[in-house]
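Working notes, structure below.
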Amino acid sequence: MRALLLRGMLSGVCAGVLALAFAVVVGEPAINRAIAFEEASAAEHEHATPAADTHDASAEAKPVSRGMQRGVGLAAGLLALGAVFGGIVAIVFAVTRGRLGALSDRGSALLVALLAFCALYLLPFLKYPANPPAASDPGTIEARTAAYAGALALSVAITASAVVLQHWLARQRGAWDATLLATVAGVIAFALVALALPMYSELPEGFPGETLWRFRLASLGTQLVLWLGIGLVFGLLTERAGSPARKEQSQ
Amino acid sequence: MAYAAPLPISAERPLSIPVREIAPWALFAFTLAAVVVYFVGFEQGTLAIFSSDYMHEFVHDARHLAGLPCH
Ligand SMILES: [Zn+2]
């Protein structure tokens, strides 16, 4: 089990490197355009009210430079997320192995990673899509954080329930019907959650739509590369290592 | 068996790993994940445990790209 978890975290770091390359090429240009908009509108604001906005001045003195944020900081963040997401995939893989369906190790590693992508990113994204810098109101950060955490928790609970439902239905109705019904049930459940959660429409006037759209695609792409990478690399490594259960049970 | 896997369905069901064996590692992995996601995403405002916001600013771009709420 220790070897399996290490393999998961290692594949997470590998996938983190791929996601980093994607984020640098596709994500950073959009982030930089958003920050350029932020600085331009801050300068305009200062110009309009010369009675010195002191909080704007303190915001300038940031503890970390932009160069750090877009370089080492981005790399550290993505690699750390990759490592722990890889660990989660390894644990879920270990729990589901031989208990749900008859997928091979590579197939179920990829399936676990894709389900985790849906639960931890895609479903919350559909309600609260990723926002570039300066596209949200800093005053609502606490409410937005709580709402996002709620969406995340319910998304995980619904995805896990859908997997259990699929497993239960598959015994009576076969894999196809069971998968379709469980998916529909999960989508309806999350749609109800999305309707119930509050909406935040805080985009400042004049924010370039192109930048918003490109940033959101970049965020989606970065996370997809990360999770797909974990599923594929972890599956490959696990298959190469042979059957982990058989090996470790004999120890 | 290793050479013939053209389909993602294996001929025999893979052996399951006992839950008792997984549990301690699961606890470790989920705790680590919670700590990392907390530092990347939620270490700020009233939730902040550490007064310095160096970490918060350091992983700033990763937080935005991970879809977590920020500014
Ligand atoms: Zn931000």
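Chain labels A, B, ... are given in the sequence in which chains occur in the structure tokens; within each chain residues are numbered consecutively from 1, and ligands are likewise numbered from 1 in the order shown.
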Open item on the list: So that I can check the surroundings of Phe39 (chain B), please list as a PyMOL selection string every protein, DNA and RNA residue that reaches within 9 Å of it, counting only C-alpha atoms and ignoring chain neighbours fewer than 6 positions away.
Closed with: chain B and resi 55-56+59
| request: Could you give me, as a PyMOL selection string, the residues within 10 Å of region 131-136 of chain A, counting only C-alpha atoms and dropping anything in the same chain fewer than 4 positions from it? | output: (chain A and resi 27+30-39+41+125+140-141+144+200-205+207-208+211-216+219) or (chain B and resi 60-61+63-71)
Worksheet item: Contacts of Val37 (chain B) at 9 Å or less, counting only C-alpha atoms, minus same-chain residues fewer than 6 places along, as a list in words?
Response: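 Neighbouring residues, sequence-local ones excluded: Ala80, Leu81 and Val84 of chain A.
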Next on the checklist: Using only C-alpha atoms and all ligand atoms for the distances, tell me which of A:Ala130, A:Val89, A:Leu18, A:Leu195 is nearest to ligand 1.
Outcome noted: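 Of A:Ala130, A:Val89, A:Leu18, A:Leu195, the one nearest ligand 1, counting only C-alpha atoms and all ligand atoms, is A:Ala130.
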Long-range neighbours of Trp25 (chain B) as a PyMOL selection string, 8 Å cut-off, only C-alpha atoms, 4 positions minimum in chain:
(chain A and resi 1-2+5+91) or (chain B and resi 21+29)
Mind writing the picked residues with N, CA and C atoms as a short mmCIF file (atom, residue, chain, number, x, y, z; two decimals), in the first residue's frame?
```
data_model
loop_
_atom_site.label_atom_id
_atom_site.label_comp_id
_atom_site.auth_asym_id
_atom_site.auth_seq_id
_atom_site.Cartn_x
_atom_site.Cartn_y
_atom_site.Cartn_z
N MET A 1 0.83 -1.21 0.00
CA MET A 1 0.00 0.00 0.00
C MET A 1 0.85 1.25 0.00
N ARG A 2 2.00 1.18 0.73
CA ARG A 2 2.90 2.32 0.76
C ARG A 2 3.44 2.60 -0.65
N LEU A 5 0.75 4.24 -2.82
CA LEU A 5 0.57 5.67 -2.52
C LEU A 5 1.74 6.49 -3.08
N ILE A 91 -5.38 6.23 -3.30
CA ILE A 91 -6.22 5.69 -2.22
C ILE A 91 -7.56 5.21 -2.76
N GLU B 21 -5.81 -2.44 5.72
CA GLU B 21 -4.46 -2.09 5.28
C GLU B 21 -4.42 -0.70 4.66
N ALA B 29 -2.91 10.39 3.45
CA ALA B 29 -3.05 11.05 2.15
C ALA B 29 -4.10 12.16 2.21
#
```
Quiz prompt | region 196-231 of chain A: residues DSSP assigns to helix (DSSP H, G or I), reported as a list in words | solution =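 Helix (DSSP H, G or I) assignments inside region 196-231 of chain A correspond to Ala196, Gly209, Glu210, Thr211, Leu212, Trp213, Arg214, Phe215, Arg216, Leu217, Ala218, Ser219, Leu220, Gly221, Thr222, Gln223, Leu224, Val225, Leu226, Trp227, Leu228, Gly229, Ile230 and Gly231 of chain A.
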Give me the residues within 12 Å of Leu27 (chain B) as an MDAnalysis selection string, counting only C-alpha atoms and dropping any in the same chain fewer than 5 places off.
(chainID A and resid 5 87:88 91:92) or (chainID B and resid 19:22 32:34)
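Each of A:Pro124, A:Gly77, A:Gly209, A:Pro29 was compared to chain B using only C-alpha atoms, and A:Gly77 turns out to be the nearest.
Among A:Val193, A:Ala43, A:Thr96, A:Arg70, the residue with the shortest atom-to-atom distance to ligand 1, counting only C-alpha atoms and all ligand atoms, is A:Arg70.
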